[in-house]
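Participant: To be precise about what I am sending: the file is called coords_5.pdb and holds PDB, C-alpha atoms, pLDDT in the B column.
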```pdb
ATOM      1  CA  MET Y   1      -6.898  21.447  -0.683  1.00 66.00           C
ATOM      2  CA  GLY Y   2      -7.228  18.883  -3.424  1.00 81.00           C
ATOM      3  CA  ARG Y   3      -7.903  19.522  -7.091  1.00 91.00           C
ATOM      4  CA  GLY Y   4     -10.627  16.946  -7.591  1.00 95.00           C
ATOM      5  CA  LEU Y   5      -8.253  14.548  -9.326  1.00 97.00           C
ATOM      6  CA  LEU Y   6     -10.242  11.543  -8.096  1.00 98.00           C
ATOM      7  CA  ASN Y   7     -13.778  12.916  -8.247  1.00 97.00           C
ATOM      8  CA  GLY Y   8     -16.254  10.153  -9.030  1.00 96.00           C
ATOM      9  CA  ARG Y   9     -13.762   7.364  -8.275  1.00 98.00           C
ATOM     10  CA  THR Y  10     -14.001   4.691  -5.599  1.00 98.00           C
ATOM     11  CA  ALA Y  11     -10.734   3.564  -4.031  1.00 98.00           C
ATOM     12  CA  ILE Y  12      -9.908   0.575  -1.849  1.00 98.00           C
ATOM     13  CA  VAL Y  13      -6.963   1.118   0.496  1.00 98.00           C
ATOM     14  CA  THR Y  14      -5.594  -1.728   2.607  1.00 98.00           C
ATOM     15  CA  GLY Y  15      -3.783  -1.097   5.874  1.00 97.00           C
ATOM     16  CA  ALA Y  16      -5.573   2.242   6.013  1.00 97.00           C
ATOM     17  CA  GLY Y  17      -5.558   2.755   9.776  1.00 96.00           C
ATOM     18  CA  GLN Y  18      -2.046   4.137  10.164  1.00 94.00           C
ATOM     19  CA  GLY Y  19       1.191   5.064   8.415  1.00 93.00           C
ATOM     20  CA  LEU Y  20       1.286   5.238   4.644  1.00 95.00           C
ATOM     21  CA  GLY Y  21      -2.172   3.714   4.183  1.00 96.00           C
ATOM     22  CA  GLN Y  22      -3.718   6.411   6.346  1.00 97.00           C
ATOM     23  CA  ALA Y  23      -1.827   9.161   4.490  1.00 96.00           C
ATOM     24  CA  ILE Y  24      -3.013   7.770   1.148  1.00 97.00           C
ATOM     25  CA  ALA Y  25      -6.597   7.645   2.398  1.00 98.00           C
ATOM     26  CA  ARG Y  26      -6.366  11.284   3.492  1.00 97.00           C
ATOM     27  CA  GLU Y  27      -4.977  12.414   0.134  1.00 97.00           C
ATOM     28  CA  TYR Y  28      -7.567  10.387  -1.761  1.00 98.00           C
ATOM     29  CA  ALA Y  29     -10.371  11.902   0.290  1.00 98.00           C
ATOM     30  CA  ASP Y  30      -8.992  15.392  -0.390  1.00 97.00           C
ATOM     31  CA  GLU Y  31      -9.032  14.594  -4.113  1.00 97.00           C
ATOM     32  CA  GLY Y  32     -12.695  13.567  -4.033  1.00 97.00           C
ATOM     33  CA  ALA Y  33     -12.577   9.764  -3.967  1.00 98.00           C
ATOM     34  CA  ALA Y  34     -15.083   7.594  -2.144  1.00 98.00           C
ATOM     35  CA  LEU Y  35     -13.117   5.239   0.091  1.00 98.00           C
ATOM     36  CA  VAL Y  36     -13.247   1.611   1.130  1.00 98.00           C
ATOM     37  CA  LEU Y  37     -10.841   1.310   4.047  1.00 98.00           C
ATOM     38  CA  LEU Y  38      -9.606  -2.182   4.939  1.00 98.00           C
ATOM     39  CA  GLU Y  39      -7.688  -2.605   8.188  1.00 97.00           C
ATOM     40  CA  ARG Y  40      -7.358  -5.332  10.813  1.00 96.00           C
ATOM     41  CA  ASN Y  41      -7.320  -2.897  13.780  1.00 97.00           C
ATOM     42  CA  PRO Y  42     -10.875  -1.592  14.249  1.00 97.00           C
ATOM     43  CA  VAL Y  43      -9.747   1.201  16.592  1.00 97.00           C
ATOM     44  CA  THR Y  44      -7.371   2.871  14.125  1.00 97.00           C
ATOM     45  CA  LEU Y  45      -9.709   2.041  11.240  1.00 98.00           C
ATOM     46  CA  ASN Y  46     -12.703   3.794  12.778  1.00 97.00           C
ATOM     47  CA  ALA Y  47     -10.615   6.756  13.926  1.00 97.00           C
ATOM     48  CA  THR Y  48      -9.398   7.261  10.348  1.00 98.00           C
ATOM     49  CA  ALA Y  49     -12.910   6.834   8.944  1.00 98.00           C
ATOM     50  CA  ASP Y  50     -14.347   9.358  11.416  1.00 97.00           C
ATOM     51  CA  GLU Y  51     -11.622  11.863  10.554  1.00 97.00           C
ATOM     52  CA  LEU Y  52     -12.293  11.610   6.834  1.00 98.00           C
ATOM     53  CA  ARG Y  53     -16.067  11.738   7.265  1.00 97.00           C
ATOM     54  CA  SER Y  54     -15.680  14.936   9.275  1.00 96.00           C
ATOM     55  CA  LYS Y  55     -14.141  16.451   6.145  1.00 95.00           C
ATOM     56  CA  GLY Y  56     -17.040  15.343   3.966  1.00 96.00           C
ATOM     57  CA  ALA Y  57     -15.662  12.129   2.491  1.00 97.00           C
ATOM     58  CA  LEU Y  58     -17.778   9.080   1.704  1.00 98.00           C
ATOM     59  CA  VAL Y  59     -16.112   6.264   3.637  1.00 98.00           C
ATOM     60  CA  LEU Y  60     -16.868   2.561   4.072  1.00 98.00           C
ATOM     61  CA  PRO Y  61     -14.588   1.112   6.772  1.00 98.00           C
ATOM     62  CA  ILE Y  62     -14.335  -2.678   7.018  1.00 98.00           C
ATOM     63  CA  ALA Y  63     -12.271  -4.388   9.708  1.00 97.00           C
ATOM     64  CA  LEU Y  64     -10.852  -7.695   8.537  1.00 96.00           C
ATOM     65  CA  ASP Y  65      -7.798  -9.901   8.284  1.00 97.00           C
ATOM     66  CA  LEU Y  66      -6.731  -9.695   4.634  1.00 97.00           C
ATOM     67  CA  THR Y  67      -5.628 -13.323   4.737  1.00 97.00           C
ATOM     68  CA  ASP Y  68      -9.220 -14.399   5.440  1.00 98.00           C
ATOM     69  CA  TYR Y  69     -10.108 -14.515   1.775  1.00 98.00           C
ATOM     70  CA  ASP Y  70     -13.764 -15.376   2.298  1.00 98.00           C
ATOM     71  CA  ALA Y  71     -14.123 -12.257   4.427  1.00 98.00           C
ATOM     72  CA  TYR Y  72     -12.155 -10.288   1.812  1.00 98.00           C
ATOM     73  CA  ARG Y  73     -14.510 -11.395  -0.977  1.00 98.00           C
ATOM     74  CA  LYS Y  74     -17.522 -10.507   1.148  1.00 98.00           C
ATOM     75  CA  ALA Y  75     -16.099  -7.066   1.926  1.00 98.00           C
ATOM     76  CA  ILE Y  76     -15.469  -6.273  -1.731  1.00 98.00           C
ATOM     77  CA  SER Y  77     -18.918  -7.493  -2.736  1.00 98.00           C
ATOM     78  CA  GLU Y  78     -20.441  -5.289  -0.032  1.00 97.00           C
ATOM     79  CA  ALA Y  79     -18.408  -2.316  -1.229  1.00 98.00           C
ATOM     80  CA  ALA Y  80     -19.472  -2.827  -4.847  1.00 97.00           C
ATOM     81  CA  ASP Y  81     -23.135  -3.114  -3.824  1.00 97.00           C
ATOM     82  CA  GLN Y  82     -23.006   0.062  -1.736  1.00 96.00           C
ATOM     83  CA  LEU Y  83     -20.796   2.246  -3.916  1.00 97.00           C
ATOM     84  CA  GLY Y  84     -21.611   0.944  -7.400  1.00 94.00           C
ATOM     85  CA  HIS Y  85     -18.125   0.708  -8.862  1.00 96.00           C
ATOM     86  CA  LEU Y  86     -14.572  -0.057  -7.753  1.00 98.00           C
ATOM     87  CA  ASP Y  87     -11.943   1.928  -9.623  1.00 98.00           C
ATOM     88  CA  ILE Y  88      -8.712   1.903  -7.618  1.00 98.00           C
ATOM     89  CA  LEU Y  89      -7.032  -0.727  -5.473  1.00 98.00           C
ATOM     90  CA  VAL Y  90      -4.087   0.271  -3.282  1.00 98.00           C
ATOM     91  CA  ASN Y  91      -2.391  -2.833  -1.893  1.00 98.00           C
ATOM     92  CA  ASN Y  92      -0.528  -1.291   1.036  1.00 97.00           C
ATOM     93  CA  ALA Y  93      -0.911  -3.498   4.130  1.00 97.00           C
ATOM     94  CA  ALA Y  94       2.261  -5.245   5.320  1.00 96.00           C
ATOM     95  CA  ILE Y  95       3.901  -6.774   8.378  1.00 95.00           C
ATOM     96  CA  ALA Y  96       7.541  -7.316   9.320  1.00 92.00           C
ATOM     97  CA  PHE Y  97       9.516  -9.567  11.655  1.00 92.00           C
ATOM     98  CA  TYR Y  98      13.228  -8.919  11.950  1.00 91.00           C
ATOM     99  CA  GLY Y  99      16.011 -11.509  12.075  1.00 92.00           C
ATOM    100  CA  THR Y 100      18.663 -13.057   9.863  1.00 94.00           C
ATOM    101  CA  ILE Y 101      18.418 -16.504   8.282  1.00 95.00           C
ATOM    102  CA  LEU Y 102      20.146 -17.790  11.430  1.00 96.00           C
ATOM    103  CA  GLU Y 103      17.543 -16.253  13.728  1.00 95.00           C
ATOM    104  CA  ASP Y 104      14.149 -16.234  12.030  1.00 94.00           C
ATOM    105  CA  SER Y 105      11.579 -19.018  11.831  1.00 96.00           C
ATOM    106  CA  LEU Y 106       9.557 -20.707   9.134  1.00 97.00           C
ATOM    107  CA  GLU Y 107       6.384 -19.460  10.817  1.00 97.00           C
ATOM    108  CA  GLU Y 108       7.589 -15.843  10.561  1.00 97.00           C
ATOM    109  CA  TRP Y 109       8.596 -16.393   6.930  1.00 97.00           C
ATOM    110  CA  ARG Y 110       5.192 -17.805   6.028  1.00 97.00           C
ATOM    111  CA  ALA Y 111       3.290 -15.067   7.870  1.00 97.00           C
ATOM    112  CA  GLN Y 112       5.139 -12.316   6.016  1.00 97.00           C
ATOM    113  CA  ILE Y 113       4.861 -13.933   2.608  1.00 98.00           C
ATOM    114  CA  THR Y 114       1.147 -14.503   3.196  1.00 98.00           C
ATOM    115  CA  VAL Y 115       0.339 -10.930   4.231  1.00 97.00           C
ATOM    116  CA  ASN Y 116       2.883  -9.059   2.135  1.00 97.00           C
ATOM    117  CA  LEU Y 117       2.617 -10.977  -1.140  1.00 98.00           C
ATOM    118  CA  GLU Y 118      -0.154 -13.577  -1.259  1.00 98.00           C
ATOM    119  CA  ALA Y 119      -2.795 -11.154   0.062  1.00 98.00           C
ATOM    120  CA  ILE Y 120      -1.834  -8.707  -2.681  1.00 98.00           C
ATOM    121  CA  TYR Y 121      -2.339 -11.457  -5.249  1.00 98.00           C
ATOM    122  CA  MET Y 122      -5.688 -12.442  -3.757  1.00 98.00           C
ATOM    123  CA  GLY Y 123      -6.885  -8.866  -3.284  1.00 98.00           C
ATOM    124  CA  THR Y 124      -6.121  -8.088  -6.904  1.00 98.00           C
ATOM    125  CA  LYS Y 125      -7.734 -11.335  -8.035  1.00 98.00           C
ATOM    126  CA  ILE Y 126     -10.906 -10.431  -6.116  1.00 98.00           C
ATOM    127  CA  VAL Y 127     -11.104  -6.815  -7.312  1.00 98.00           C
ATOM    128  CA  ALA Y 128      -9.867  -7.109 -10.906  1.00 98.00           C
ATOM    129  CA  PRO Y 129     -13.072  -8.674 -12.325  1.00 98.00           C
ATOM    130  CA  TYR Y 130     -15.018  -5.567 -11.249  1.00 98.00           C
ATOM    131  CA  MET Y 131     -12.506  -3.394 -13.105  1.00 98.00           C
ATOM    132  CA  VAL Y 132     -12.600  -5.628 -16.173  1.00 98.00           C
ATOM    133  CA  LYS Y 133     -16.380  -5.365 -16.300  1.00 98.00           C
ATOM    134  CA  GLN Y 134     -16.256  -1.561 -16.298  1.00 97.00           C
ATOM    135  CA  GLN Y 135     -13.165  -1.456 -18.576  1.00 98.00           C
ATOM    136  CA  PHE Y 136     -11.268   0.799 -16.194  1.00 98.00           C
ATOM    137  CA  GLY Y 137      -9.065   0.400 -13.172  1.00 98.00           C
ATOM    138  CA  ARG Y 138      -5.886   1.254 -11.325  1.00 98.00           C
ATOM    139  CA  VAL Y 139      -3.921  -1.256  -9.244  1.00 98.00           C
ATOM    140  CA  ILE Y 140      -1.200   0.323  -7.111  1.00 98.00           C
ATOM    141  CA  ASN Y 141       1.064  -1.938  -5.092  1.00 98.00           C
ATOM    142  CA  ILE Y 142       3.265  -0.624  -2.309  1.00 98.00           C
ATOM    143  CA  THR Y 143       6.609  -2.381  -2.402  1.00 97.00           C
ATOM    144  CA  SER Y 144       9.917  -1.155  -0.928  1.00 93.00           C
ATOM    145  CA  ILE Y 145      13.458  -0.205  -1.835  1.00 88.00           C
ATOM    146  CA  GLN Y 146      14.267  -3.477  -0.051  1.00 86.00           C
ATOM    147  CA  GLY Y 147      12.813  -5.244  -3.073  1.00 88.00           C
ATOM    148  CA  PHE Y 148      15.689  -3.813  -5.145  1.00 87.00           C
ATOM    149  CA  ALA Y 149      18.593  -3.535  -2.709  1.00 85.00           C
ATOM    150  CA  SER Y 150      18.289  -5.465   0.523  1.00 83.00           C
ATOM    151  CA  SER Y 151      20.006  -4.349   3.714  1.00 81.00           C
ATOM    152  CA  GLY Y 152      19.544  -7.838   5.169  1.00 83.00           C
ATOM    153  CA  GLY Y 153      17.949  -8.766   8.453  1.00 85.00           C
ATOM    154  CA  ASN Y 154      14.528  -9.573   7.067  1.00 90.00           C
ATOM    155  CA  GLY Y 155      14.659 -12.029   4.185  1.00 94.00           C
ATOM    156  CA  ALA Y 156      10.943 -12.780   4.046  1.00 95.00           C
ATOM    157  CA  TYR Y 157       9.907  -9.127   3.931  1.00 94.00           C
ATOM    158  CA  ASN Y 158      12.491  -8.377   1.263  1.00 95.00           C
ATOM    159  CA  ALA Y 159      11.527 -11.447  -0.780  1.00 96.00           C
ATOM    160  CA  ALA Y 160       7.870 -10.425  -0.672  1.00 97.00           C
ATOM    161  CA  LYS Y 161       8.660  -6.873  -1.739  1.00 96.00           C
ATOM    162  CA  GLY Y 162      10.769  -8.160  -4.630  1.00 97.00           C
ATOM    163  CA  GLY Y 163       7.909 -10.468  -5.536  1.00 97.00           C
ATOM    164  CA  ILE Y 164       5.518  -7.522  -5.627  1.00 98.00           C
ATOM    165  CA  ILE Y 165       7.689  -5.825  -8.238  1.00 98.00           C
ATOM    166  CA  ALA Y 166       7.679  -8.881 -10.505  1.00 98.00           C
ATOM    167  CA  PHE Y 167       3.968  -9.483  -9.917  1.00 98.00           C
ATOM    168  CA  THR Y 168       3.127  -5.875 -10.803  1.00 98.00           C
ATOM    169  CA  LYS Y 169       5.005  -6.187 -14.099  1.00 98.00           C
ATOM    170  CA  SER Y 170       2.955  -9.277 -14.887  1.00 98.00           C
ATOM    171  CA  LEU Y 171      -0.290  -7.518 -13.960  1.00 98.00           C
ATOM    172  CA  ALA Y 172       0.577  -4.599 -16.227  1.00 98.00           C
ATOM    173  CA  ILE Y 173       0.689  -6.925 -19.228  1.00 98.00           C
ATOM    174  CA  GLU Y 174      -2.327  -9.025 -18.270  1.00 98.00           C
ATOM    175  CA  LEU Y 175      -4.677  -6.161 -17.405  1.00 98.00           C
ATOM    176  CA  ALA Y 176      -3.727  -3.583 -20.045  1.00 98.00           C
ATOM    177  CA  PRO Y 177      -6.294  -4.919 -22.592  1.00 98.00           C
ATOM    178  CA  TYR Y 178      -9.014  -3.927 -20.129  1.00 98.00           C
ATOM    179  CA  ASN Y 179      -7.770  -0.338 -19.627  1.00 98.00           C
ATOM    180  CA  ILE Y 180      -6.378  -1.208 -16.211  1.00 98.00           C
ATOM    181  CA  ALA Y 181      -2.981   0.213 -15.240  1.00 98.00           C
ATOM    182  CA  ALA Y 182      -0.820  -1.565 -12.676  1.00 98.00           C
ATOM    183  CA  ASN Y 183       2.061   0.213 -10.975  1.00 98.00           C
ATOM    184  CA  ALA Y 184       4.215  -0.186  -7.881  1.00 98.00           C
ATOM    185  CA  VAL Y 185       5.711   2.405  -5.540  1.00 97.00           C
ATOM    186  CA  ALA Y 186       8.930   1.560  -3.689  1.00 94.00           C
ATOM    187  CA  PRO Y 187       9.508   3.917  -0.734  1.00 91.00           C
ATOM    188  CA  GLY Y 188      12.889   4.077   0.976  1.00 84.00           C
ATOM    189  CA  PHE Y 189      13.294   5.153   4.602  1.00 78.00           C
ATOM    190  CA  MET Y 190      10.003   6.448   5.937  1.00 78.00           C
ATOM    191  CA  LEU Y 191       8.880   7.407   9.405  1.00 73.00           C
ATOM    192  CA  THR Y 192       5.972   5.044  10.069  1.00 76.00           C
ATOM    193  CA  PRO Y 193       5.103   2.619  12.885  1.00 75.00           C
ATOM    194  CA  MET Y 194       7.030  -0.038  10.946  1.00 69.00           C
ATOM    195  CA  SER Y 195      10.246   2.005  11.173  1.00 69.00           C
ATOM    196  CA  VAL Y 196      10.318   1.366  14.919  1.00 69.00           C
ATOM    197  CA  VAL Y 197      12.160  -1.927  15.509  1.00 69.00           C
ATOM    198  CA  ASN Y 198      12.471  -3.288  19.044  1.00 70.00           C
ATOM    199  CA  GLY Y 199      11.529   0.117  20.374  1.00 75.00           C
ATOM    200  CA  VAL Y 200      14.151   1.952  18.290  1.00 72.00           C
ATOM    201  CA  ASP Y 201      13.208   4.309  15.445  1.00 74.00           C
ATOM    202  CA  GLU Y 202      15.665   3.421  12.672  1.00 75.00           C
ATOM    203  CA  THR Y 203      15.449   6.957  11.278  1.00 75.00           C
ATOM    204  CA  GLU Y 204      16.869   8.357  14.549  1.00 78.00           C
ATOM    205  CA  THR Y 205      19.894   6.078  14.853  1.00 81.00           C
ATOM    206  CA  GLU Y 206      23.446   7.362  14.498  1.00 82.00           C
ATOM    207  CA  ASP Y 207      23.989   5.101  11.483  1.00 78.00           C
ATOM    208  CA  PHE Y 208      21.043   6.676   9.699  1.00 75.00           C
ATOM    209  CA  LYS Y 209      22.089  10.226  10.578  1.00 79.00           C
ATOM    210  CA  THR Y 210      25.690   9.659   9.534  1.00 81.00           C
ATOM    211  CA  TRP Y 211      25.277   7.530   6.435  1.00 72.00           C
ATOM    212  CA  TYR Y 212      21.974   8.672   4.957  1.00 76.00           C
ATOM    213  CA  VAL Y 213      21.713  12.267   6.173  1.00 78.00           C
ATOM    214  CA  GLN Y 214      25.228  13.664   6.563  1.00 81.00           C
ATOM    215  CA  ARG Y 215      26.618  11.762   3.566  1.00 82.00           C
ATOM    216  CA  ARG Y 216      23.373  12.387   1.668  1.00 83.00           C
ATOM    217  CA  LYS Y 217      22.861   8.795   0.612  1.00 80.00           C
ATOM    218  CA  VAL Y 218      19.282  10.012   0.804  1.00 80.00           C
ATOM    219  CA  PRO Y 219      19.633  13.046  -1.477  1.00 86.00           C
ATOM    220  CA  MET Y 220      17.123  15.144   0.480  1.00 80.00           C
ATOM    221  CA  ALA Y 221      19.103  14.358   3.657  1.00 80.00           C
ATOM    222  CA  ARG Y 222      16.116  13.420   5.776  1.00 82.00           C
ATOM    223  CA  THR Y 223      13.755  10.574   6.377  1.00 81.00           C
ATOM    224  CA  GLY Y 224      10.660  10.354   4.251  1.00 81.00           C
ATOM    225  CA  TYR Y 225       7.155  10.797   5.599  1.00 86.00           C
ATOM    226  CA  PRO Y 226       3.974   9.060   4.450  1.00 86.00           C
ATOM    227  CA  GLU Y 227       2.755  12.359   3.008  1.00 91.00           C
ATOM    228  CA  ASP Y 228       5.833  12.446   0.750  1.00 88.00           C
ATOM    229  CA  VAL Y 229       4.699   9.228  -0.930  1.00 90.00           C
ATOM    230  CA  ALA Y 230       0.919   9.663  -0.892  1.00 93.00           C
ATOM    231  CA  GLY Y 231       0.977  12.248  -3.690  1.00 94.00           C
ATOM    232  CA  THR Y 232       2.655   9.758  -6.001  1.00 96.00           C
ATOM    233  CA  VAL Y 233      -0.103   7.270  -5.234  1.00 97.00           C
ATOM    234  CA  VAL Y 234      -2.659   9.957  -6.105  1.00 97.00           C
ATOM    235  CA  PHE Y 235      -0.971  10.537  -9.465  1.00 97.00           C
ATOM    236  CA  LEU Y 236      -0.958   6.823 -10.270  1.00 98.00           C
ATOM    237  CA  ALA Y 237      -4.702   6.669  -9.590  1.00 98.00           C
ATOM    238  CA  SER Y 238      -5.572   9.780 -11.569  1.00 97.00           C
ATOM    239  CA  ASP Y 239      -6.334  10.362 -15.241  1.00 95.00           C
ATOM    240  CA  TYR Y 240      -2.853  11.849 -15.578  1.00 96.00           C
ATOM    241  CA  CYS Y 241      -1.613   8.274 -15.359  1.00 95.00           C
ATOM    242  CA  ARG Y 242      -3.481   6.831 -18.316  1.00 93.00           C
ATOM    243  CA  TYR Y 243      -0.538   5.337 -20.210  1.00 96.00           C
ATOM    244  CA  MET Y 244       2.122   4.378 -17.657  1.00 97.00           C
ATOM    245  CA  THR Y 245       1.845   0.802 -16.473  1.00 98.00           C
TER
END
```
I need this file expressed as C-alpha cells, please.
Facilitator:
Amino acid sequence: MGRGLLNGRTAIVTGAGQGLGQAIAREYADEGAALVLLERNPVTLNATADELRSKGALVLPIALDLTDYDAYRKAISEAADQLGHLDILVNNAAIAFYGTILEDSLEEWRAQITVNLEAIYMGTKIVAPYMVKQQFGRVINITSIQGFASSGGNGAYNAAKGGIIAFTKSLAIELAPYNIAANAVAPGFMLTPMSVVNGVDETETEDFKTWYVQRRKVPMARTGYPEDVAGTVVFLASDYCRYMT
C-alpha cells in the first residue's frame, strides 16, 4: 500500500502500457496520483488503465504517437481541461534498434533520436508552460546507464540517452526559478520487453550470468525489475524531492 505521497497530484507517464512505464503508473496510482497515460499501443494502454481504475485510480488514457506533436499538444490540453492541473511529467517512452555503425541505417538512427530524445524535448516543451503557470512541477526523464558507459551495438540509442542527461541538466537550471525540479534516472540491466533482442533475453545469457551475476559487476547479483526503479521515480515526484534538481 502507498503512503499518499502523490495525493492531489496529476502525473503524465509516457510509454505507460508496459515495462517501466507501466510499473511507474502502478506506483503512482498507489501513491494517490491522478494519471494521464500516453502510449502508442491502445491494447496495452487500455489494459493498464482498466487495471488501475479497478484499484480506484483516476486515469485518462490517450493512445498516440509521441512524435505527432499536434496530437501530443491536443492530448495535453485535453488532460489539463479534464484534470485541472499537470504536476509531474515522466518521459519514459523509448525504442531501440540494434546494430553497429557498420550495420545500422540512417533511418533507424533518425527514428531512435526522434522518439528517444526529440519527443522528450517536445513533451517537456508542451507541458512546462502549465507547470510554470502554477509555479510547481516535476520533470523526470528516463535515461540509461548506456548514456554514461556504452556497451556498443546501438549508437543511436546510446547517443539519445546521453543527450537526455545533458538536456536534463539544462532543464534543471532553466526551470528552477519556477519551482520545477528536473531529474533523470539511469537504469542498468532491467527485465523489460526491451531487454529481449532478436528473441533472446539479454538478462538470461551466459555472458550476463557470468560477468554481471557471478562476478557481481551488478552488486546485487541479479537483473533489475521495473518495480526496482519505480520507487525512485515516486521519490523524485514527491515533496521529499523539493531541492534536488
Participant: Evaluate the PyMOL selection byres ((chain Y and resi 151-167) around 6) against this structure - the residues, as a ChimeraX atom specification, please.
Facilitator: /Y:98-100,109,113,116-117,143-144,146-147,150,168-170
Participant: Let me make sure I understand: among Y:Leu52, Y:Leu89, Y:Ala184, Y:Met122, which one has the smallest atom-to-atom distance to Val229 (chain Y) if we use all atoms listed in the file?
Facilitator: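 Among the listed residues, Y:Ala184 lies closest to Val229 (chain Y).
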Participant: Would you please work out which residue, of Y:Asn7, Y:Leu171, Y:Thr223, Y:Ala176, is nearest to Phe189 (chain Y) when using all atoms listed in the file?
Facilitator: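 Nearest to Phe189 (chain Y): Y:Thr223.
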Participant: Expand the PyMOL selection byres ((chain Y and resi 141) around 8) into the individual residues it matches in the shown file, reporting them as a VMD selection string.
Facilitator: chain Y and resid 90 to 92 120 139 to 140 142 to 143 164 168 182 to 185
Participant: Carefully work through the PyMOL selection byres ((chain Y and resi 46) around 12) for this structure and note down the residues it includes, as a PDB file with C-alpha atoms, in the coordinates of the input.
Facilitator:
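Writing the result to expr14.pdb gives the following:
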```pdb
ATOM      1  CA  ALA Y  16      -5.573   2.242   6.013  1.00 97.00           C
ATOM      2  CA  GLY Y  17      -5.558   2.755   9.776  1.00 96.00           C
ATOM      3  CA  GLN Y  18      -2.046   4.137  10.164  1.00 94.00           C
ATOM      4  CA  GLN Y  22      -3.718   6.411   6.346  1.00 97.00           C
ATOM      5  CA  VAL Y  36     -13.247   1.611   1.130  1.00 98.00           C
ATOM      6  CA  LEU Y  37     -10.841   1.310   4.047  1.00 98.00           C
ATOM      7  CA  LEU Y  38      -9.606  -2.182   4.939  1.00 98.00           C
ATOM      8  CA  GLU Y  39      -7.688  -2.605   8.188  1.00 97.00           C
ATOM      9  CA  ARG Y  40      -7.358  -5.332  10.813  1.00 96.00           C
ATOM     10  CA  ASN Y  41      -7.320  -2.897  13.780  1.00 97.00           C
ATOM     11  CA  PRO Y  42     -10.875  -1.592  14.249  1.00 97.00           C
ATOM     12  CA  VAL Y  43      -9.747   1.201  16.592  1.00 97.00           C
ATOM     13  CA  THR Y  44      -7.371   2.871  14.125  1.00 97.00           C
ATOM     14  CA  LEU Y  45      -9.709   2.041  11.240  1.00 98.00           C
ATOM     15  CA  ALA Y  47     -10.615   6.756  13.926  1.00 97.00           C
ATOM     16  CA  THR Y  48      -9.398   7.261  10.348  1.00 98.00           C
ATOM     17  CA  ALA Y  49     -12.910   6.834   8.944  1.00 98.00           C
ATOM     18  CA  ASP Y  50     -14.347   9.358  11.416  1.00 97.00           C
ATOM     19  CA  GLU Y  51     -11.622  11.863  10.554  1.00 97.00           C
ATOM     20  CA  LEU Y  52     -12.293  11.610   6.834  1.00 98.00           C
ATOM     21  CA  ARG Y  53     -16.067  11.738   7.265  1.00 97.00           C
ATOM     22  CA  VAL Y  59     -16.112   6.264   3.637  1.00 98.00           C
ATOM     23  CA  LEU Y  60     -16.868   2.561   4.072  1.00 98.00           C
ATOM     24  CA  PRO Y  61     -14.588   1.112   6.772  1.00 98.00           C
ATOM     25  CA  ILE Y  62     -14.335  -2.678   7.018  1.00 98.00           C
ATOM     26  CA  ALA Y  63     -12.271  -4.388   9.708  1.00 97.00           C
TER      27      ALA Y  63
END
```
Participant: Would you mind telling me which residue in Y:Ala57, Y:Ala186, Y:Leu175, Y:Ile76 lies nearest to Thr232 (chain Y) when using all atoms listed in the file?
Facilitator: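 Checking each of Y:Ala57, Y:Ala186, Y:Leu175, Y:Ile76 against Thr232 (chain Y), counting all atoms listed in the file, the winner is Y:Ala186.
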Participant: What is the distance between CA of Gly21 (chain Y) and CA of Thr192 (chain Y), in Å to one decimal?
Facilitator: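 Going from CA of Gly21 (chain Y) over to CA of Thr192 (chain Y) covers 10.1 Å.
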Participant: Let me make sure I understand: among Y:Ile126, Y:Gly188, Y:Pro219, Y:Thr114, which one has the smallest atom-to-atom distance to Ile145 (chain Y) if we use only C-alpha atoms?
Facilitator: Y:Gly188
Participant: Got a sec: who's within 12 Å of Tyr240 (chain Y), counting all atoms listed in the file, leaving out chain neighbours fewer than 6 positions off, as a list in words?
Facilitator: Leu5, Leu6, Arg138, Ala181, Thr232, Val233 and Val234 of chain Y
Participant: Next, write the just-selected residues to a file, as a PDB file, keeping the file's coordinate frame, keeping C-alpha atoms as the atom set.
Facilitator:
```
ATOM      1  CA  LEU Y   5      -8.253  14.548  -9.326  1.00 97.00           C
ATOM      2  CA  LEU Y   6     -10.242  11.543  -8.096  1.00 98.00           C
ATOM      3  CA  ARG Y 138      -5.886   1.254 -11.325  1.00 98.00           C
ATOM      4  CA  ALA Y 181      -2.981   0.213 -15.240  1.00 98.00           C
ATOM      5  CA  THR Y 232       2.655   9.758  -6.001  1.00 96.00           C
ATOM      6  CA  VAL Y 233      -0.103   7.270  -5.234  1.00 97.00           C
ATOM      7  CA  VAL Y 234      -2.659   9.957  -6.105  1.00 97.00           C
TER       8      VAL Y 234
END
```
Participant: Fewer than 4 positions away in the same chain doesn't count, so skip those; otherwise give me all residues within 9 Å of Arg9 (chain Y), counting all atoms listed in the file, as a count of residues only.
Facilitator: 8
Participant: Give me, please, the distance in Å between CA of Tyr130 (chain Y) and CA of Glu31 (chain Y), quoted to one decimal.
Facilitator: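 Computed distance, CA of Tyr130 (chain Y) to CA of Glu31 (chain Y), equals 22.2 Å.
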Participant: For CA of Leu20 (chain Y) and CA of Val218 (chain Y), determine how far apart the two atoms are, in Å to one decimal place.
Facilitator: 19.0 Å
Participant: Calculated over only C-alpha atoms, which of the candidates Y:Met190, Y:Phe136, Y:Asp207, Y:Gln112 has the smallest distance to Asp228 (chain Y)?
Facilitator: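 For Asp228 (chain Y), the nearest of the given residues is Y:Met190.
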Participant: May I have the centre and edge lengths, in Å to one decimal, of an axis-aligned box around the listed atoms of region 204-222 of chain Y with 4 Å added to every side, as lines of an AutoDock Vina configuration file?
Facilitator:
```
center_x = 21.4
center_y = 10.1
center_z = 6.7
size_x = 18.5
size_y = 18.0
size_z = 24.3
```
